[in-house]
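Undergrad: Starting off with a structure, shown below.
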Amino acid sequence: MKRSGEGPSVWVVGDLYTIKASGAGTGGAFTLIEVSVPPGSGPPPHVHHREDEAFYVIEGEFEVHVDDNVLTAKPGDWVTLAKESLHSFRNIGEGVGRMLILATPAGLDDFFLEAGRVATDTSLDAAIVTPEDKQRLIDISPKYGIDIRAPQEA
């Protein structure tokens, strides 16, 4: 059992990812990750070539881009993302947004742990994004079958 706030945590380009169920713990079947996203933050557009992904919004409001569709996801909403879909999300609320990310098969947990910066401080003050953070994300993504794409036009 992992209690609230427990699990390996890393900062990935400004968002806090906490591994709740790792691939090692599920025999590689899936991973479950809790993410806390400051206002205005979220990952760049990207494609997963290895796993399907789904988001369950716990708190806040997110704009989710999936291929050519734009969705607004609020608490209780479930968003599924098929492997090979181009997607991104952004916290469009005023406070920290939180969601659970389910990925099948596992592997996304290992990506975040390698691409992220260990979260010794989980306060928003630690949500700083450095050029090194961005470069590490870009450099490590291909190893995990992830293509980072140029930001979508507004």
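Convention: chains lettered A, B, ... in structure tokens order; per-chain residue numbering from 1; ligands numbered from 1 as shown.
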List as an mmCIF file with all heavy atoms, in the first residue's frame the protein and nucleic acid residues near segment 85-92 of chain A, meaning an atom at most 7 Å away when only C-alpha atoms are counted, but skip any in the same chain fewer than 6 places from it.
TA:
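out_5.cif, freshly written:
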data_model
loop_
_atom_site.group_PDB
_atom_site.id
_atom_site.type_symbol
_atom_site.label_atom_id
_atom_site.label_comp_id
_atom_site.auth_asym_id
_atom_site.auth_seq_id
_atom_site.Cartn_x
_atom_site.Cartn_y
_atom_site.Cartn_z
ATOM 1 N N VAL A 37 0.073 19.446 -11.238
ATOM 2 C CA VAL A 37 0.433 20.352 -12.320
ATOM 3 C C VAL A 37 0.116 21.793 -11.915
ATOM 4 O O VAL A 37 -1.052 22.140 -11.721
ATOM 5 C CB VAL A 37 -0.347 19.983 -13.606
ATOM 6 C CG1 VAL A 37 0.082 20.849 -14.774
ATOM 7 C CG2 VAL A 37 -0.184 18.501 -13.938
ATOM 8 N N PRO A 38 1.134 22.640 -11.793
ATOM 9 C CA PRO A 38 0.884 24.045 -11.469
ATOM 10 C C PRO A 38 0.064 24.728 -12.570
ATOM 11 O O PRO A 38 0.041 24.268 -13.719
ATOM 12 C CB PRO A 38 2.290 24.653 -11.382
ATOM 13 C CG PRO A 38 3.196 23.492 -11.126
ATOM 14 C CD PRO A 38 2.565 22.340 -11.850
ATOM 15 N N PRO A 39 -0.599 25.836 -12.249
ATOM 16 C CA PRO A 39 -1.366 26.564 -13.265
ATOM 17 C C PRO A 39 -0.495 26.910 -14.473
ATOM 18 O O PRO A 39 0.659 27.331 -14.325
ATOM 19 C CB PRO A 39 -1.802 27.837 -12.537
ATOM 20 C CG PRO A 39 -1.799 27.462 -11.088
ATOM 21 C CD PRO A 39 -0.671 26.476 -10.936
ATOM 22 N N GLY A 40 -1.049 26.674 -15.661
ATOM 23 C CA GLY A 40 -0.357 26.994 -16.906
ATOM 24 C C GLY A 40 0.649 25.958 -17.349
ATOM 25 O O GLY A 40 1.210 26.057 -18.440
ATOM 26 N N SER A 41 0.882 24.942 -16.553
ATOM 27 C CA SER A 41 1.911 23.954 -16.865
ATOM 28 C C SER A 41 1.311 22.719 -17.527
ATOM 29 O O SER A 41 0.105 22.523 -17.548
ATOM 30 C CB SER A 41 2.655 23.568 -15.580
ATOM 31 O OG SER A 41 3.797 22.799 -15.872
ATOM 32 N N GLY A 42 2.190 21.882 -18.037
ATOM 33 C CA GLY A 42 1.836 20.625 -18.687
ATOM 34 C C GLY A 42 2.925 20.261 -19.670
ATOM 35 O O GLY A 42 3.774 21.091 -19.998
ATOM 36 N N PRO A 43 2.925 19.034 -20.159
ATOM 37 C CA PRO A 43 3.985 18.581 -21.062
ATOM 38 C C PRO A 43 3.812 19.127 -22.476
ATOM 39 O O PRO A 43 2.710 19.503 -22.874
ATOM 40 C CB PRO A 43 3.820 17.060 -21.051
ATOM 41 C CG PRO A 43 2.349 16.877 -20.858
ATOM 42 C CD PRO A 43 1.943 17.981 -19.900
ATOM 43 N N PRO A 44 4.906 19.125 -23.244
ATOM 44 C CA PRO A 44 4.787 19.510 -24.659
ATOM 45 C C PRO A 44 4.048 18.414 -25.425
ATOM 46 O O PRO A 44 3.943 17.272 -24.941
ATOM 47 C CB PRO A 44 6.249 19.609 -25.112
ATOM 48 C CG PRO A 44 6.989 18.676 -24.211
ATOM 49 C CD PRO A 44 6.268 18.750 -22.881
ATOM 50 N N PRO A 45 3.546 18.734 -26.601
ATOM 51 C CA PRO A 45 2.901 17.702 -27.421
ATOM 52 C C PRO A 45 3.880 16.546 -27.661
ATOM 53 O O PRO A 45 5.070 16.763 -27.894
ATOM 54 C CB PRO A 45 2.576 18.427 -28.725
ATOM 55 C CG PRO A 45 2.517 19.871 -28.340
ATOM 56 C CD PRO A 45 3.530 20.043 -27.262
ATOM 57 N N HIS A 46 3.348 15.321 -27.573
ATOM 58 C CA HIS A 46 4.196 14.153 -27.737
ATOM 59 C C HIS A 46 3.373 12.946 -28.168
ATOM 60 O O HIS A 46 2.147 12.947 -28.087
ATOM 61 C CB HIS A 46 4.963 13.849 -26.440
ATOM 62 C CG HIS A 46 4.071 13.591 -25.269
ATOM 63 N ND1 HIS A 46 3.442 14.594 -24.555
ATOM 64 C CD2 HIS A 46 3.697 12.430 -24.670
ATOM 65 C CE1 HIS A 46 2.724 14.068 -23.582
ATOM 66 N NE2 HIS A 46 2.856 12.754 -23.636
ATOM 67 N N VAL A 47 4.073 11.903 -28.626
ATOM 68 C CA VAL A 47 3.459 10.653 -29.071
ATOM 69 C C VAL A 47 4.150 9.510 -28.333
ATOM 70 O O VAL A 47 5.381 9.463 -28.269
ATOM 71 C CB VAL A 47 3.635 10.459 -30.597
ATOM 72 C CG1 VAL A 47 3.128 9.091 -31.033
ATOM 73 C CG2 VAL A 47 2.949 11.567 -31.371
ATOM 74 N N GLU A 61 -8.722 21.842 -13.649
ATOM 75 C CA GLU A 61 -9.304 21.826 -14.988
ATOM 76 C C GLU A 61 -8.165 21.809 -16.000
ATOM 77 O O GLU A 61 -7.229 22.607 -15.916
ATOM 78 C CB GLU A 61 -10.179 23.063 -15.189
ATOM 79 C CG GLU A 61 -10.968 23.069 -16.451
ATOM 80 C CD GLU A 61 -11.970 24.227 -16.519
ATOM 81 O OE1 GLU A 61 -12.165 24.923 -15.497
ATOM 82 O OE2 GLU A 61 -12.543 24.431 -17.602
ATOM 83 N N PHE A 62 -8.247 20.896 -16.959
ATOM 84 C CA PHE A 62 -7.188 20.707 -17.944
ATOM 85 C C PHE A 62 -7.717 20.840 -19.359
ATOM 86 O O PHE A 62 -8.803 20.348 -19.665
ATOM 87 C CB PHE A 62 -6.564 19.312 -17.794
ATOM 88 C CG PHE A 62 -5.816 19.124 -16.510
ATOM 89 C CD1 PHE A 62 -6.460 18.677 -15.367
ATOM 90 C CD2 PHE A 62 -4.464 19.401 -16.434
ATOM 91 C CE1 PHE A 62 -5.779 18.505 -14.179
ATOM 92 C CE2 PHE A 62 -3.766 19.240 -15.251
ATOM 93 C CZ PHE A 62 -4.427 18.794 -14.116
ATOM 94 N N GLU A 63 -6.939 21.490 -20.188
ATOM 95 C CA GLU A 63 -7.188 21.473 -21.623
ATOM 96 C C GLU A 63 -6.335 20.354 -22.174
ATOM 97 O O GLU A 63 -5.111 20.334 -21.964
ATOM 98 C CB GLU A 63 -6.797 22.810 -22.253
ATOM 99 C CG GLU A 63 -7.076 22.874 -23.742
ATOM 100 C CD GLU A 63 -6.746 24.239 -24.303
ATOM 101 O OE1 GLU A 63 -7.614 25.128 -24.270
ATOM 102 O OE2 GLU A 63 -5.599 24.397 -24.753
ATOM 103 N N VAL A 64 -6.971 19.402 -22.848
ATOM 104 C CA VAL A 64 -6.281 18.226 -23.372
ATOM 105 C C VAL A 64 -6.393 18.240 -24.892
ATOM 106 O O VAL A 64 -7.503 18.312 -25.434
ATOM 107 C CB VAL A 64 -6.890 16.922 -22.802
ATOM 108 C CG1 VAL A 64 -6.135 15.703 -23.319
ATOM 109 C CG2 VAL A 64 -6.900 16.945 -21.269
ATOM 110 N N HIS A 65 -5.246 18.183 -25.547
ATOM 111 C CA HIS A 65 -5.197 18.082 -27.005
ATOM 112 C C HIS A 65 -4.918 16.629 -27.363
ATOM 113 O O HIS A 65 -3.943 16.044 -26.870
ATOM 114 C CB HIS A 65 -4.083 18.967 -27.572
ATOM 115 C CG HIS A 65 -4.335 20.418 -27.399
ATOM 116 N ND1 HIS A 65 -4.701 21.236 -28.438
ATOM 117 C CD2 HIS A 65 -4.292 21.210 -26.302
ATOM 118 C CE1 HIS A 65 -4.865 22.467 -27.992
ATOM 119 N NE2 HIS A 65 -4.617 22.475 -26.691
ATOM 120 N N VAL A 66 -5.789 16.043 -28.205
ATOM 121 C CA VAL A 66 -5.615 14.672 -28.680
ATOM 122 C C VAL A 66 -5.802 14.703 -30.182
ATOM 123 O O VAL A 66 -6.910 14.938 -30.668
ATOM 124 C CB VAL A 66 -6.627 13.692 -28.044
ATOM 125 C CG1 VAL A 66 -6.332 12.268 -28.503
ATOM 126 C CG2 VAL A 66 -6.625 13.789 -26.534
ATOM 127 N N ASP A 67 -4.704 14.517 -30.904
ATOM 128 C CA ASP A 67 -4.705 14.640 -32.355
ATOM 129 C C ASP A 67 -5.320 15.998 -32.730
ATOM 130 O O ASP A 67 -4.793 17.014 -32.316
ATOM 131 C CB ASP A 67 -5.396 13.450 -33.004
ATOM 132 C CG ASP A 67 -4.615 12.155 -32.781
ATOM 133 O OD1 ASP A 67 -3.370 12.191 -32.824
ATOM 134 O OD2 ASP A 67 -5.243 11.104 -32.544
#
Undergrad: Which residues of segment 78-102 of chain A come within 7 Å of segment 11-32 of chain A, and for each one, what is the closest pair of atoms and their distance in Å to one decimal, counting only C-alpha atoms, sorted by chain and residue number, as a tab-separated table?
TA:
residue	atom	partner	partner_atom	distance
A:Leu100	CA	A:Leu32	CA	6.7
A:Ile101	CA	A:Leu32	CA	5.7
A:Leu102	CA	A:Leu32	CA	4.7
Undergrad: Using atom CA of Ile146 of chain A and atom CA of Thr72 of chain A as the two end points, give the distance in Å to one decimal.
TA: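 Computed distance, atom CA of Ile146 of chain A to atom CA of Thr72 of chain A, equals 23.8 Å.
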Undergrad: Select, from A:Ala54, A:Ala73, A:Ala127, A:Ile140, the residue with the minimum atom-to-atom distance to Asp110 of chain A, counting only C-alpha atoms.
TA: A:Ile140
Undergrad: Between A:Phe55, A:Trp78, A:Ala103, A:Leu137, which residue has the minimum interatomic distance to Arg149 of chain A, considering only C-alpha atoms?
TA: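 Closest to Arg149 of chain A, using only C-alpha atoms: A:Leu137.
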Undergrad: I'd like to know which residues of segment 71-111 of chain A are strand (DSSP E or B) (by DSSP, run on the backbone); could you write them as a CSV table (one decimal) with N, CA, C and O atoms, in the first residue's frame?
TA:
chain,number,residue,atom,x,y,z
A,71,LEU,N,-10.1,19.0,-25.7
A,71,LEU,CA,-11.1,18.7,-24.7
A,71,LEU,C,-10.9,19.5,-23.4
A,71,LEU,O,-9.7,19.8,-23.2
A,72,THR,N,-11.9,19.7,-22.7
A,72,THR,CA,-11.7,20.3,-21.3
A,72,THR,C,-12.1,19.2,-20.3
A,72,THR,O,-13.2,18.6,-20.4
A,73,ALA,N,-11.1,18.8,-19.5
A,73,ALA,CA,-11.3,17.7,-18.5
A,73,ALA,C,-11.4,18.3,-17.1
A,73,ALA,O,-10.5,19.1,-16.7
A,78,TRP,N,-12.5,11.2,-17.3
A,78,TRP,CA,-11.6,10.1,-17.7
A,78,TRP,C,-11.3,10.3,-19.2
A,78,TRP,O,-12.2,10.4,-20.0
A,79,VAL,N,-10.0,10.5,-19.5
A,79,VAL,CA,-9.6,10.7,-20.9
A,79,VAL,C,-8.7,9.6,-21.3
A,79,VAL,O,-7.7,9.3,-20.7
A,80,THR,N,-9.1,8.9,-22.4
A,80,THR,CA,-8.2,7.8,-22.9
A,80,THR,C,-7.4,8.3,-24.1
A,80,THR,O,-7.9,9.1,-25.0
A,81,LEU,N,-6.2,7.9,-24.2
A,81,LEU,CA,-5.3,8.2,-25.3
A,81,LEU,C,-4.7,7.0,-25.8
A,81,LEU,O,-3.9,6.2,-25.2
A,86,LEU,N,-1.1,11.9,-31.0
A,86,LEU,CA,-0.4,13.1,-30.6
A,86,LEU,C,-1.2,13.8,-29.5
A,86,LEU,O,-2.4,14.1,-29.7
A,87,HIS,N,-0.6,14.1,-28.3
A,87,HIS,CA,-1.4,14.6,-27.2
A,87,HIS,C,-0.5,15.5,-26.3
A,87,HIS,O,0.7,15.4,-26.3
A,88,SER,N,-1.2,16.3,-25.6
A,88,SER,CA,-0.6,17.2,-24.5
A,88,SER,C,-1.8,17.6,-23.6
A,88,SER,O,-2.9,17.4,-23.9
A,89,PHE,N,-1.4,18.1,-22.5
A,89,PHE,CA,-2.4,18.7,-21.6
A,89,PHE,C,-1.8,19.9,-20.9
A,89,PHE,O,-0.6,20.1,-20.8
A,90,ARG,N,-2.7,20.8,-20.5
A,90,ARG,CA,-2.3,22.1,-19.8
A,90,ARG,C,-3.3,22.4,-18.7
A,90,ARG,O,-4.5,22.3,-18.9
A,91,ASN,N,-2.8,22.7,-17.5
A,91,ASN,CA,-3.6,23.1,-16.4
A,91,ASN,C,-4.2,24.5,-16.7
A,91,ASN,O,-3.4,25.5,-16.8
A,97,GLY,N,-3.5,21.5,-10.4
A,97,GLY,CA,-4.4,20.5,-10.9
A,97,GLY,C,-3.7,19.1,-10.6
A,97,GLY,O,-2.5,19.0,-10.5
A,98,ARG,N,-4.6,18.1,-10.3
A,98,ARG,CA,-4.1,16.8,-10.0
A,98,ARG,C,-4.8,15.8,-10.8
A,98,ARG,O,-6.0,15.9,-11.0
A,99,MET,N,-4.1,14.8,-11.3
A,99,MET,CA,-4.7,13.7,-12.0
A,99,MET,C,-3.9,12.4,-11.8
A,99,MET,O,-2.7,12.4,-11.4
A,100,LEU,N,-4.6,11.3,-12.1
A,100,LEU,CA,-3.9,10.0,-12.1
A,100,LEU,C,-3.7,9.7,-13.6
A,100,LEU,O,-4.6,9.9,-14.4
A,101,ILE,N,-2.5,9.1,-13.9
A,101,ILE,CA,-2.2,8.7,-15.2
A,101,ILE,C,-2.0,7.2,-15.2
A,101,ILE,O,-1.2,6.7,-14.4
A,102,LEU,N,-2.8,6.5,-16.0
A,102,LEU,CA,-2.6,5.0,-16.1
A,102,LEU,C,-2.0,4.7,-17.5
A,102,LEU,O,-2.5,5.3,-18.5
A,103,ALA,N,-0.9,4.0,-17.5
A,103,ALA,CA,-0.3,3.6,-18.7
A,103,ALA,C,-0.1,2.1,-18.8
A,103,ALA,O,0.3,1.4,-17.8
A,104,THR,N,-0.5,1.5,-20.0
A,104,THR,CA,-0.4,0.1,-20.2
A,104,THR,C,0.3,-0.1,-21.6
A,104,THR,O,0.0,0.5,-22.5
Undergrad: Of the residues A:Tyr56, A:Asn69, A:Asp77, A:Gly95, which is the one nearest to Leu124 of chain A, using only C-alpha atoms?
TA: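 Smallest distance to Leu124 of chain A is found for A:Gly95.
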Undergrad: Smallest atom-to-atom distance to Thr120 of chain A: which of A:Lys2, A:Ile58, A:Glu84, A:Pro8, using only C-alpha atoms?
TA: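 Among the listed residues, the smallest separation from Thr120 of chain A belongs to A:Pro8.
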Undergrad: Can you pull out every residue within 9 Å of Glu51 of chain A, counting only C-alpha atoms, but drop anything in the same chain fewer than 5 positions away, and send it as number ranges by chain?
TA: A: 82-84, 103-108, 145
Undergrad: Could you write out that same residue set with N, CA and C atoms as a compact mmCIF listing (two decimals), in the first residue's frame?
TA:
# COMPACT_ATOMS: atom_id res chain seq x y z
N ALA A 82 -4.97 6.72 -27.09
CA ALA A 82 -4.44 5.52 -27.74
C ALA A 82 -2.97 5.71 -28.09
N LYS A 83 -2.24 4.62 -28.05
CA LYS A 83 -0.86 4.62 -28.52
C LYS A 83 -0.83 5.26 -29.91
N GLU A 84 0.18 6.03 -30.20
CA GLU A 84 0.39 6.73 -31.48
C GLU A 84 -0.41 8.03 -31.62
N ALA A 103 -0.93 3.96 -17.48
CA ALA A 103 -0.28 3.60 -18.75
C ALA A 103 -0.13 2.09 -18.82
N THR A 104 -0.49 1.52 -20.00
CA THR A 104 -0.35 0.09 -20.22
C THR A 104 0.34 -0.15 -21.55
N PRO A 105 1.32 -1.02 -21.62
CA PRO A 105 1.98 -1.65 -20.48
C PRO A 105 2.82 -0.63 -19.70
N ALA A 106 3.46 -1.09 -18.64
CA ALA A 106 4.33 -0.23 -17.84
C ALA A 106 5.54 0.21 -18.66
N GLY A 107 6.27 1.17 -18.12
CA GLY A 107 7.46 1.71 -18.77
C GLY A 107 7.50 3.21 -18.65
N LEU A 108 6.33 3.83 -18.62
CA LEU A 108 6.26 5.28 -18.48
C LEU A 108 6.81 5.71 -17.11
N GLY A 145 10.54 5.30 -26.52
CA GLY A 145 9.54 5.28 -27.58
C GLY A 145 8.61 6.47 -27.55
Undergrad: Apply DSSP to the structure's backbone, then extract all residues of chain A labelled alpha helix (DSSP H) and return them as a PyMOL selection string.
TA: chain A and resi 108-115+131-140
Undergrad: Using atom CA of Arg3 of chain A and atom CA of Val35 of chain A as the two end points, give the distance in Å to one decimal.
TA: 14.9 Å
Undergrad: Using only C-alpha atoms, can you tell me which of A:Arg50, A:Ser123, A:Gly5, A:Ile33 comes closest to Asp109 of chain A?
TA: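 Going through A:Arg50, A:Ser123, A:Gly5, A:Ile33 one by one, the smallest distance to Asp109 of chain A is for A:Ile33.
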